[in-house]
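Data from entry11.tsv: TSV, C-alpha atoms (C1' of nucleotides)
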```tsv
chain	number	residue	atom	x	y	z
A	99	MET	CA	55.11	155.35	81.28
A	100	ALA	CA	56.67	156.61	78.11
A	101	PRO	CA	59.07	159.50	78.64
A	102	THR	CA	59.20	162.19	75.99
A	103	ARG	CA	60.55	162.26	72.49
A	104	THR	CA	62.20	165.52	71.66
A	105	GLU	CA	65.07	163.56	70.19
A	106	THR	CA	65.27	159.83	69.72
A	107	ASP	CA	63.59	158.33	72.75
A	108	LEU	CA	65.69	155.22	73.19
A	109	SER	CA	64.15	154.59	76.62
A	110	PHE	CA	60.69	154.40	75.17
A	111	LEU	CA	61.78	152.17	72.30
A	112	LEU	CA	63.58	149.65	74.51
A	113	ASP	CA	60.96	149.69	77.27
A	114	HIS	CA	58.03	149.29	74.95
A	115	THR	CA	59.47	146.60	72.72
A	116	GLY	CA	60.83	144.74	75.74
A	117	HIS	CA	57.53	144.95	77.58
A	118	VAL	CA	55.39	143.77	74.69
A	119	LEU	CA	57.78	140.96	73.85
A	120	ARG	CA	57.67	139.87	77.49
A	121	THR	CA	53.88	139.70	77.48
A	122	ARG	CA	53.96	137.67	74.26
A	123	MET	CA	56.52	135.32	75.73
A	124	ALA	CA	54.61	134.90	78.98
A	125	ALA	CA	51.40	134.13	77.11
A	126	ALA	CA	53.10	131.63	74.80
A	127	LEU	CA	54.88	129.80	77.64
A	128	ALA	CA	51.75	129.82	79.79
A	129	GLU	CA	50.14	127.51	77.26
A	130	ILE	CA	52.40	124.71	78.44
A	131	GLY	CA	52.25	125.82	82.06
A	132	LEU	CA	55.64	127.49	82.26
A	133	THR	CA	56.90	130.90	83.31
A	134	ALA	CA	59.99	132.43	81.72
A	135	ARG	CA	61.91	131.65	84.88
A	136	MET	CA	60.89	128.01	84.91
A	137	HIS	CA	61.99	127.72	81.30
A	138	CYS	CA	65.30	129.36	82.11
A	139	VAL	CA	66.04	127.04	85.04
A	140	LEU	CA	64.96	123.97	83.13
A	141	VAL	CA	67.28	124.66	80.22
A	142	HIS	CA	70.30	125.46	82.36
A	143	ALA	CA	69.70	122.46	84.60
A	144	LEU	CA	69.64	120.23	81.56
A	145	GLU	CA	73.04	121.40	80.33
A	146	GLU	CA	74.88	119.95	83.32
A	147	GLU	CA	74.53	119.13	87.02
A	148	ARG	CA	73.91	122.42	88.78
A	149	THR	CA	72.95	123.50	92.28
A	150	GLN	CA	70.22	126.00	93.06
A	151	ILE	CA	72.72	128.76	93.69
A	152	GLN	CA	74.47	128.15	90.40
A	153	LEU	CA	71.15	128.22	88.57
A	154	ALA	CA	70.13	131.38	90.42
A	155	GLU	CA	73.30	133.14	89.26
A	156	LEU	CA	72.83	132.04	85.66
A	157	GLY	CA	69.27	133.33	85.63
A	158	ASP	CA	70.14	136.47	87.60
A	159	MET	CA	67.62	135.79	90.35
A	160	ASP	CA	67.76	135.79	94.12
A	161	LYS	CA	68.21	132.42	95.83
A	162	THR	CA	64.83	132.85	97.53
A	163	THR	CA	63.18	133.40	94.16
A	164	MET	CA	64.95	130.25	93.05
A	165	VAL	CA	63.30	128.28	95.87
A	166	VAL	CA	59.86	129.29	94.62
A	167	THR	CA	60.76	128.48	91.03
A	168	VAL	CA	62.11	125.02	91.90
A	169	ASP	CA	59.02	124.39	94.04
A	170	ALA	CA	56.90	125.06	90.96
A	171	LEU	CA	59.02	122.80	88.77
A	172	GLU	CA	58.83	119.98	91.32
A	173	GLU	CA	55.09	120.37	91.72
A	174	ALA	CA	54.69	120.14	87.96
A	175	GLY	CA	56.85	117.01	87.93
A	176	LEU	CA	59.45	118.64	85.68
A	177	ALA	CA	62.43	118.60	88.04
A	178	GLU	CA	63.59	117.16	91.36
A	179	ARG	CA	65.91	118.21	94.13
A	180	ARG	CA	68.67	115.66	94.65
A	181	PRO	CA	71.39	115.77	97.30
A	182	SER	CA	74.78	116.73	95.91
A	183	GLY	CA	77.36	113.98	96.15
A	184	THR	CA	80.09	116.35	97.23
A	185	ASP	CA	78.34	118.93	99.44
A	186	ARG	CA	75.60	117.80	101.75
A	187	ARG	CA	74.21	121.36	102.02
A	188	ALA	CA	73.64	121.67	98.30
A	189	ARG	CA	70.87	120.32	96.05
A	190	ILE	CA	71.31	119.35	92.44
A	191	ILE	CA	68.31	120.20	90.28
A	192	ALA	CA	67.65	117.12	88.19
A	193	VAL	CA	65.31	117.50	85.23
A	194	THR	CA	62.82	114.63	84.84
A	195	GLU	CA	62.08	112.99	81.54
A	196	LYS	CA	58.86	114.93	81.32
A	197	GLY	CA	60.84	118.05	82.16
A	198	ALA	CA	63.30	117.44	79.35
A	199	GLU	CA	60.44	117.03	76.91
A	200	VAL	CA	58.79	120.23	78.13
A	201	ALA	CA	62.11	122.08	77.90
A	202	ARG	CA	62.47	121.06	74.28
A	203	ARG	CA	59.03	122.41	73.53
A	204	SER	CA	59.51	125.60	75.53
A	205	GLN	CA	62.77	126.31	73.73
A	206	GLU	CA	60.88	125.99	70.45
A	207	ILE	CA	58.26	128.40	71.75
A	208	VAL	CA	60.89	130.92	72.83
A	209	ASP	CA	62.71	130.73	69.52
A	210	GLY	CA	59.40	131.02	67.70
A	211	VAL	CA	58.37	134.18	69.51
A	212	HIS	CA	61.75	135.74	68.78
A	213	ARG	CA	61.68	134.66	65.15
A	214	ALA	CA	58.16	136.02	64.67
A	215	ALA	CA	59.30	139.44	65.83
A	216	LEU	CA	62.56	139.51	63.88
A	217	GLU	CA	60.92	138.25	60.71
A	218	THR	CA	58.85	141.42	60.47
A	219	LEU	CA	62.07	143.34	59.81
A	220	PRO	CA	63.95	143.56	56.51
A	221	GLU	CA	66.90	141.18	56.69
A	222	ASP	CA	69.60	143.84	56.75
A	223	GLU	CA	67.85	145.75	59.55
A	224	ARG	CA	67.43	142.55	61.51
A	225	GLU	CA	71.12	141.77	61.44
A	226	VAL	CA	72.20	145.25	62.39
A	227	LEU	CA	69.61	145.46	65.18
A	228	VAL	CA	70.96	142.33	66.81
A	229	ARG	CA	74.56	143.44	66.32
A	230	ALA	CA	73.88	146.87	67.80
A	231	LEU	CA	71.99	145.47	70.80
A	232	ASN	CA	74.79	143.00	71.43
A	233	ARG	CA	77.28	145.84	71.29
A	234	LEU	CA	75.29	147.79	73.89
A	235	VAL	CA	74.84	144.74	76.13
A	236	THR	CA	78.55	144.03	76.21
A	237	GLY	CA	79.57	147.68	76.23
A	238	HIS	CA	77.93	150.85	77.45
A	239	LEU	CA	74.80	149.16	78.79
A	240	ALA	CA	76.52	146.16	80.34
A	241	THR	CA	76.06	146.89	84.03
A	242	PRO	CA	73.19	148.59	85.88
A	243	VAL	CA	73.81	151.56	88.13
A	244	GLU	CA	73.12	150.19	91.56
A	245	ALA	CA	70.24	151.92	93.33
A	246	PRO	CA	70.73	153.14	96.92
A	247	GLN	CA	69.45	150.15	98.88
A	248	PRO	CA	66.47	150.94	101.11
A	249	VAL	CA	66.99	150.44	104.85
A	250	ARG	CA	65.12	147.43	106.12
A	251	ARG	CA	63.67	146.85	109.56
A	252	ALA	CA	64.80	143.67	111.32
A	253	ARG	CA	62.49	140.72	110.98
A	254	GLN	CA	60.52	139.59	114.03
A	255	ARG	CA	62.55	136.94	115.86
A	256	LYS	CA	61.10	133.48	115.95
A	257	LYS	CA	60.04	132.95	119.60
B	229	MET	CA	66.35	136.62	84.73
B	230	ALA	CA	67.94	136.08	81.37
B	231	PRO	CA	66.29	133.31	79.35
B	232	THR	CA	68.50	131.16	77.16
B	233	ARG	CA	70.36	131.85	73.97
B	234	THR	CA	70.25	128.91	71.64
B	235	GLU	CA	69.36	131.31	68.86
B	236	THR	CA	69.29	135.07	69.07
B	237	ASP	CA	67.87	135.89	72.47
B	238	LEU	CA	65.97	139.04	71.63
B	239	SER	CA	64.23	138.95	75.02
B	240	PHE	CA	67.53	139.11	76.84
B	241	LEU	CA	68.86	141.87	74.61
B	242	LEU	CA	65.82	144.11	75.01
B	243	ASP	CA	65.33	143.39	78.71
B	244	HIS	CA	68.94	143.94	79.62
B	245	THR	CA	69.53	147.09	77.60
B	246	GLY	CA	66.21	148.51	78.72
B	247	HIS	CA	66.86	147.71	82.35
B	248	VAL	CA	70.36	149.17	82.44
B	249	LEU	CA	69.28	152.29	80.56
B	250	ARG	CA	66.43	152.73	83.06
B	251	THR	CA	68.82	152.57	86.02
B	252	ARG	CA	71.11	155.12	84.33
B	253	MET	CA	68.18	157.40	83.64
B	254	ALA	CA	66.82	157.10	87.17
B	255	ALA	CA	70.22	157.90	88.65
B	256	ALA	CA	70.73	160.89	86.37
B	257	LEU	CA	67.28	162.35	87.03
B	258	ALA	CA	67.56	161.71	90.76
B	259	GLU	CA	70.36	164.25	90.88
B	260	ILE	CA	67.82	167.01	90.32
B	261	GLY	CA	65.18	165.29	92.45
B	262	LEU	CA	63.03	163.89	89.65
B	263	THR	CA	61.70	160.48	88.71
B	264	ALA	CA	61.12	159.51	85.08
B	265	ARG	CA	57.40	159.92	85.66
B	266	MET	CA	57.74	163.38	87.10
B	267	HIS	CA	59.82	164.39	84.09
B	268	CYS	CA	57.25	162.92	81.74
B	269	VAL	CA	54.34	164.75	83.35
B	270	LEU	CA	56.26	168.01	83.55
B	271	VAL	CA	57.12	168.04	79.87
B	272	HIS	CA	53.63	167.13	78.69
B	273	ALA	CA	52.03	169.65	81.03
B	274	LEU	CA	54.26	172.35	79.61
B	275	GLU	CA	53.18	171.72	76.03
B	276	GLU	CA	49.60	172.78	76.65
B	277	GLU	CA	46.86	172.93	79.30
B	278	ARG	CA	46.15	169.37	80.30
B	279	THR	CA	44.13	167.62	82.98
B	280	GLN	CA	45.43	164.80	85.14
B	281	ILE	CA	43.59	162.21	83.10
B	282	GLN	CA	45.01	163.51	79.85
B	283	LEU	CA	48.50	163.45	81.31
B	284	ALA	CA	47.95	159.96	82.66
B	285	GLU	CA	47.00	158.70	79.20
B	286	LEU	CA	50.00	160.35	77.58
B	287	GLY	CA	52.35	158.77	80.10
B	288	ASP	CA	50.52	155.44	80.07
B	289	MET	CA	49.89	155.42	83.80
B	290	ASP	CA	46.87	154.81	85.97
B	291	LYS	CA	45.02	157.86	87.27
B	292	THR	CA	45.86	156.81	90.84
B	293	THR	CA	49.55	156.70	89.98
B	294	MET	CA	49.05	160.15	88.48
B	295	VAL	CA	47.75	161.45	91.81
B	296	VAL	CA	50.95	160.38	93.55
B	297	THR	CA	53.11	161.86	90.81
B	298	VAL	CA	51.32	165.22	90.90
B	299	ASP	CA	51.53	165.20	94.71
B	300	ALA	CA	55.30	164.89	94.37
B	301	LEU	CA	55.48	167.68	91.79
B	302	GLU	CA	53.42	170.00	93.98
B	303	GLU	CA	55.47	169.23	97.05
B	304	ALA	CA	58.62	170.06	95.11
B	305	GLY	CA	57.05	173.31	93.95
B	306	LEU	CA	57.29	172.32	90.29
B	307	ALA	CA	53.60	172.22	89.42
B	308	GLU	CA	50.18	173.17	90.77
B	309	ARG	CA	46.66	171.87	90.48
B	310	ARG	CA	44.33	174.53	89.10
B	311	PRO	CA	40.60	174.21	88.57
B	312	SER	CA	39.63	173.80	84.95
B	313	GLY	CA	37.62	176.70	83.57
B	314	THR	CA	35.25	174.42	81.72
B	315	ASP	CA	34.84	171.35	83.97
B	316	ARG	CA	34.68	171.82	87.69
B	317	ARG	CA	35.60	168.18	88.32
B	318	ALA	CA	38.88	168.45	86.44
B	319	ARG	CA	42.24	169.90	87.45
B	320	ILE	CA	44.70	171.50	85.07
B	321	ILE	CA	48.31	170.77	85.95
B	322	ALA	CA	50.10	174.11	85.72
B	323	VAL	CA	53.89	174.05	85.68
B	324	THR	CA	55.51	176.70	87.86
B	325	GLU	CA	58.42	178.81	86.71
B	326	LYS	CA	60.76	176.66	88.74
B	327	GLY	CA	59.10	173.62	87.18
B	328	ALA	CA	59.70	174.91	83.67
B	329	GLU	CA	63.35	175.49	84.47
B	330	VAL	CA	63.69	172.00	85.93
B	331	ALA	CA	61.93	170.50	82.91
B	332	ARG	CA	64.44	172.16	80.61
B	333	ARG	CA	67.28	170.65	82.57
B	334	SER	CA	65.67	167.24	82.87
B	335	GLN	CA	65.09	167.11	79.13
B	336	GLU	CA	68.78	167.82	78.64
B	337	ILE	CA	69.60	165.02	81.06
B	338	VAL	CA	67.32	162.59	79.25
B	339	ASP	CA	68.72	163.49	75.85
B	340	GLY	CA	72.23	163.24	77.25
B	341	VAL	CA	71.72	159.73	78.61
B	342	HIS	CA	70.29	158.60	75.29
B	343	ARG	CA	73.05	160.27	73.32
B	344	ALA	CA	75.74	158.72	75.50
B	345	ALA	CA	74.38	155.26	74.74
B	346	LEU	CA	73.86	155.80	71.02
B	347	GLU	CA	77.24	157.44	70.55
B	348	THR	CA	78.98	154.20	71.47
B	349	LEU	CA	77.62	152.70	68.25
B	350	PRO	CA	79.00	153.21	64.75
B	351	GLU	CA	76.82	155.76	63.00
B	352	ASP	CA	75.28	153.35	60.49
B	353	GLU	CA	74.37	150.86	63.21
B	354	ARG	CA	72.88	153.62	65.29
B	355	GLU	CA	70.54	154.72	62.53
B	356	VAL	CA	69.41	151.22	61.67
B	357	LEU	CA	68.91	150.33	65.35
B	358	VAL	CA	66.54	153.24	65.83
B	359	ARG	CA	64.74	152.52	62.57
B	360	ALA	CA	64.31	148.84	63.41
B	361	LEU	CA	63.06	149.54	66.94
B	362	ASN	CA	60.61	152.09	65.59
B	363	ARG	CA	59.39	149.53	63.09
B	364	LEU	CA	58.79	147.01	65.88
B	365	VAL	CA	57.10	149.59	68.12
B	366	THR	CA	54.64	150.56	65.42
B	367	GLY	CA	54.28	147.06	64.02
B	368	HIS	CA	54.64	143.60	65.50
B	369	LEU	CA	55.43	144.77	69.02
B	370	ALA	CA	52.90	147.60	69.13
B	371	THR	CA	50.40	146.21	71.62
B	372	PRO	CA	50.91	144.00	74.67
B	373	VAL	CA	49.04	140.73	75.01
B	374	GLU	CA	46.71	141.43	77.87
B	375	ALA	CA	47.29	139.19	80.86
B	376	PRO	CA	44.28	137.37	82.37
B	377	GLN	CA	43.27	139.89	85.02
B	378	PRO	CA	43.43	138.50	88.55
B	379	VAL	CA	40.16	138.47	90.47
B	380	ARG	CA	40.12	141.09	93.18
B	381	ARG	CA	38.33	140.93	96.48
B	382	ALA	CA	36.04	143.84	97.28
B	383	ARG	CA	37.55	146.57	99.40
B	384	GLN	CA	36.39	146.94	103.00
B	385	ARG	CA	33.48	149.41	103.02
B	386	LYS	CA	34.03	152.64	104.85
B	387	LYS	CA	31.79	152.45	107.96
C	16	DT	C1'	83.43	131.59	110.49
C	17	DA	C1'	81.12	131.06	105.94
C	18	DT	C1'	77.81	128.99	102.77
C	19	DT	C1'	73.36	126.32	100.93
C	20	DG	C1'	68.92	126.19	101.07
C	21	DT	C1'	64.73	127.47	103.66
C	22	DT	C1'	61.00	130.17	105.92
C	23	DA	C1'	58.91	134.29	107.31
C	24	DT	C1'	58.07	138.68	106.32
C	25	DA	C1'	58.95	143.73	105.15
C	26	DC	C1'	58.68	146.83	101.24
C	27	DT	C1'	57.62	148.62	96.81
C	28	DC	C1'	54.65	149.12	93.11
C	29	DT	C1'	50.65	149.18	90.95
C	30	DA	C1'	45.86	148.84	90.22
C	31	DT	C1'	41.12	147.92	91.85
C	32	DA	C1'	37.21	149.41	94.38
C	33	DA	C1'	34.67	152.65	96.64
C	34	DC	C1'	33.80	157.40	97.39
C	35	DT	C1'	32.81	162.64	96.43
C	36	DA	C1'	31.87	166.17	93.45
C	37	DT	C1'	30.43	167.32	89.46
C	38	DA	C1'	28.58	166.56	84.41
D	149	DT	C1'	24.01	157.60	84.38
D	150	DA	C1'	28.95	158.63	83.66
D	151	DT	C1'	33.38	160.92	84.55
D	152	DA	C1'	37.56	163.47	87.25
D	153	DG	C1'	39.97	163.06	91.01
D	154	DT	C1'	40.76	161.07	95.59
D	155	DT	C1'	41.60	157.62	99.31
D	156	DA	C1'	42.32	153.15	101.07
D	157	DT	C1'	43.91	148.91	100.33
D	158	DA	C1'	44.54	144.31	97.97
D	159	DG	C1'	47.81	141.67	95.58
D	160	DA	C1'	52.01	140.56	93.03
D	161	DG	C1'	56.66	140.52	93.11
D	162	DT	C1'	60.84	140.56	95.25
D	163	DA	C1'	64.48	140.94	98.52
D	164	DT	C1'	66.14	140.97	103.32
D	165	DA	C1'	66.86	138.79	107.73
D	166	DA	C1'	67.12	134.99	110.49
D	167	DC	C1'	67.58	130.16	110.76
D	168	DA	C1'	69.24	125.07	110.38
D	169	DA	C1'	72.46	122.08	108.49
D	170	DT	C1'	76.83	121.58	106.93
D	171	DA	C1'	81.55	123.14	105.32
```

As structure tokens, please, write out the structure in this file.
Amino acid sequence: MAPTRTETDLSFLLDHTGHVLRTRMAAALAEIGLTARMHCVLVHALEEERTQIQLAELGDMDKTTMVVTVDALEEAGLAERRPSGTDRRARIIAVTEKGAEVARRSQEIVDGVHRAALETLPEDEREVLVRALNRLVTGHLATPVEAPQPVRRARQRKK
Amino acid sequence: MAPTRTETDLSFLLDHTGHVLRTRMAAALAEIGLTARMHCVLVHALEEERTQIQLAELGDMDKTTMVVTVDALEEAGLAERRPSGTDRRARIIAVTEKGAEVARRSQEIVDGVHRAALETLPEDEREVLVRALNRLVTGHLATPVEAPQPVRRARQRKK
DNA sequence: TATTGTTATACTCTATAACTATA
DNA sequence: TATAGTTATAGAGTATAACAATA
């Protein structure tokens, strides 16, 4: 849904490039059975011992989305839920050996997809593009405007 | 759901900037009762006589999404469906006077949101950013990888 | 009382399929 | 037969509420 371009249509440029890159990434990761989210969780879980909530915050997802993602990782034998030693409510996401191997490969895939895109640009443009996007991400486009949250009917009580 | 940044995380940069810009745009257009899609249709319908299908293609939306969008425009008194003179199946989307006025304002809003973002960049970076994104949009990131379409059960027949 | 993780489910969005009327 | 527009609805994705166990 490309808006119009009377002037520079930054919306269209960011939406389109972002969307196409996302489809490329999804297709590339799908070849080893991963989604972008699974990759994200795997990598962060490898860095240090982290609970589901911590991983959810790092990946900017809801805790319920996290449940589904960890379910998928467990089913694929890439990670396991382990009780935390300090908080019996919490679960540490432990990456299996197979998971660590997959994470190494998926990181290569991610880097490769990014490199393939950036390599099509002249080197000077490439550098400035990344610098400008970083400036926007940390500056004017750092935080979303929060949408008015829709009212939600109460869930049916369990009988 | 930010992936990881071992190298330059182009996915994160494009997703995040695009997402935040979209929320800004939605909030700004909402003040005059428009969605981005309504704005898009309005502007293209103003340029020349166009049918719903033509407008749908220009805005990269499905024809069924177009129906909903035109419904909203009609209800707001910004556009009307008129029979085509040459094809009795087709409807021309005619922008009302009020619609033309709103489109002028919404285009100002859109340009303003874009300008506000770009103005936070040094002028040289700004130019190169736009040039680089345009290069990606017309080159390596021109067309999405099509996802394997999910199989869809047949709809219940009308009795 | 608050928080972690879970389940169930409400909502939004979008697109497919079937349908009607034309071509 | 194919196409423009419409309606109904399937399905994906996601987030909210309630819940159980624990802090």

- Message: Using all atoms listed in the file for the distances, tell me which of B:Arg316, B:Arg359, B:Arg278, B:Arg343 is nearest to chain C.
- Response: B:Arg316

For chain C against chain A, which residues fall within 8 Å using all atoms listed in the file, given as a PDB file with C-alpha atoms (C1' of nucleotides), keeping the file's coordinate frame?
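Saved file iface_29.pdb follows:
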```pdb
ATOM      1  C1'  DT C  19      73.360 126.320 100.930  1.00  0.00           C
ATOM      2  C1'  DG C  20      68.920 126.190 101.070  1.00  0.00           C
ATOM      3  C1'  DT C  21      64.730 127.470 103.660  1.00  0.00           C
ATOM      4  C1'  DT C  24      58.070 138.680 106.320  1.00  0.00           C
ATOM      5  C1'  DA C  25      58.950 143.730 105.150  1.00  0.00           C
TER       6       DA C  25
END
```

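Proximity to region 244-248 of chain B at 8 Å, evaluated using all atoms listed in the file and with sequence-adjacent residues fewer than 3 positions away removed, yields A:Ser109, A:Leu112, A:Asp113, A:Gly116, A:Leu231, A:Leu234, A:Val235, A:Leu239, A:Ala240, A:Thr241, A:Pro242, A:Val243, B:Phe240, B:Leu241, B:Thr251, B:Arg252.
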
For region 220-222 of chain A, work out the shell of residues within 12 Å, counting all atoms listed in the file and skipping chain neighbours fewer than 3 positions away, then give it as a PDB file with C-alpha atoms, in the frame of the given file.
```
ATOM      1  CA  ARG A 213      61.680 134.660  65.150  1.00  0.00           C
ATOM      2  CA  ALA A 215      59.300 139.440  65.830  1.00  0.00           C
ATOM      3  CA  LEU A 216      62.560 139.510  63.880  1.00  0.00           C
ATOM      4  CA  GLU A 217      60.920 138.250  60.710  1.00  0.00           C
ATOM      5  CA  GLU A 225      71.120 141.770  61.440  1.00  0.00           C
ATOM      6  CA  VAL A 226      72.200 145.250  62.390  1.00  0.00           C
ATOM      7  CA  LEU A 227      69.610 145.460  65.180  1.00  0.00           C
ATOM      8  CA  VAL A 228      70.960 142.330  66.810  1.00  0.00           C
ATOM      9  CA  ARG A 229      74.560 143.440  66.320  1.00  0.00           C
TER      10      ARG A 229
ATOM     11  CA  ASP B 352      75.280 153.350  60.490  1.00  0.00           C
ATOM     12  CA  GLU B 353      74.370 150.860  63.210  1.00  0.00           C
ATOM     13  CA  VAL B 356      69.410 151.220  61.670  1.00  0.00           C
ATOM     14  CA  LEU B 357      68.910 150.330  65.350  1.00  0.00           C
ATOM     15  CA  ARG B 359      64.740 152.520  62.570  1.00  0.00           C
ATOM     16  CA  ALA B 360      64.310 148.840  63.410  1.00  0.00           C
ATOM     17  CA  ARG B 363      59.390 149.530  63.090  1.00  0.00           C
ATOM     18  CA  LEU B 364      58.790 147.010  65.880  1.00  0.00           C
TER      19      LEU B 364
END
```

- Item | Test item: which residues lie within 12 Å of (59.7, 139.5, 94.2) counting all atoms listed in the file, as a PyMOL selection string | (chain A and resi 159-167) or (chain B and resi 229) or (chain C and resi 25-28) or (chain D and resi 160-164)
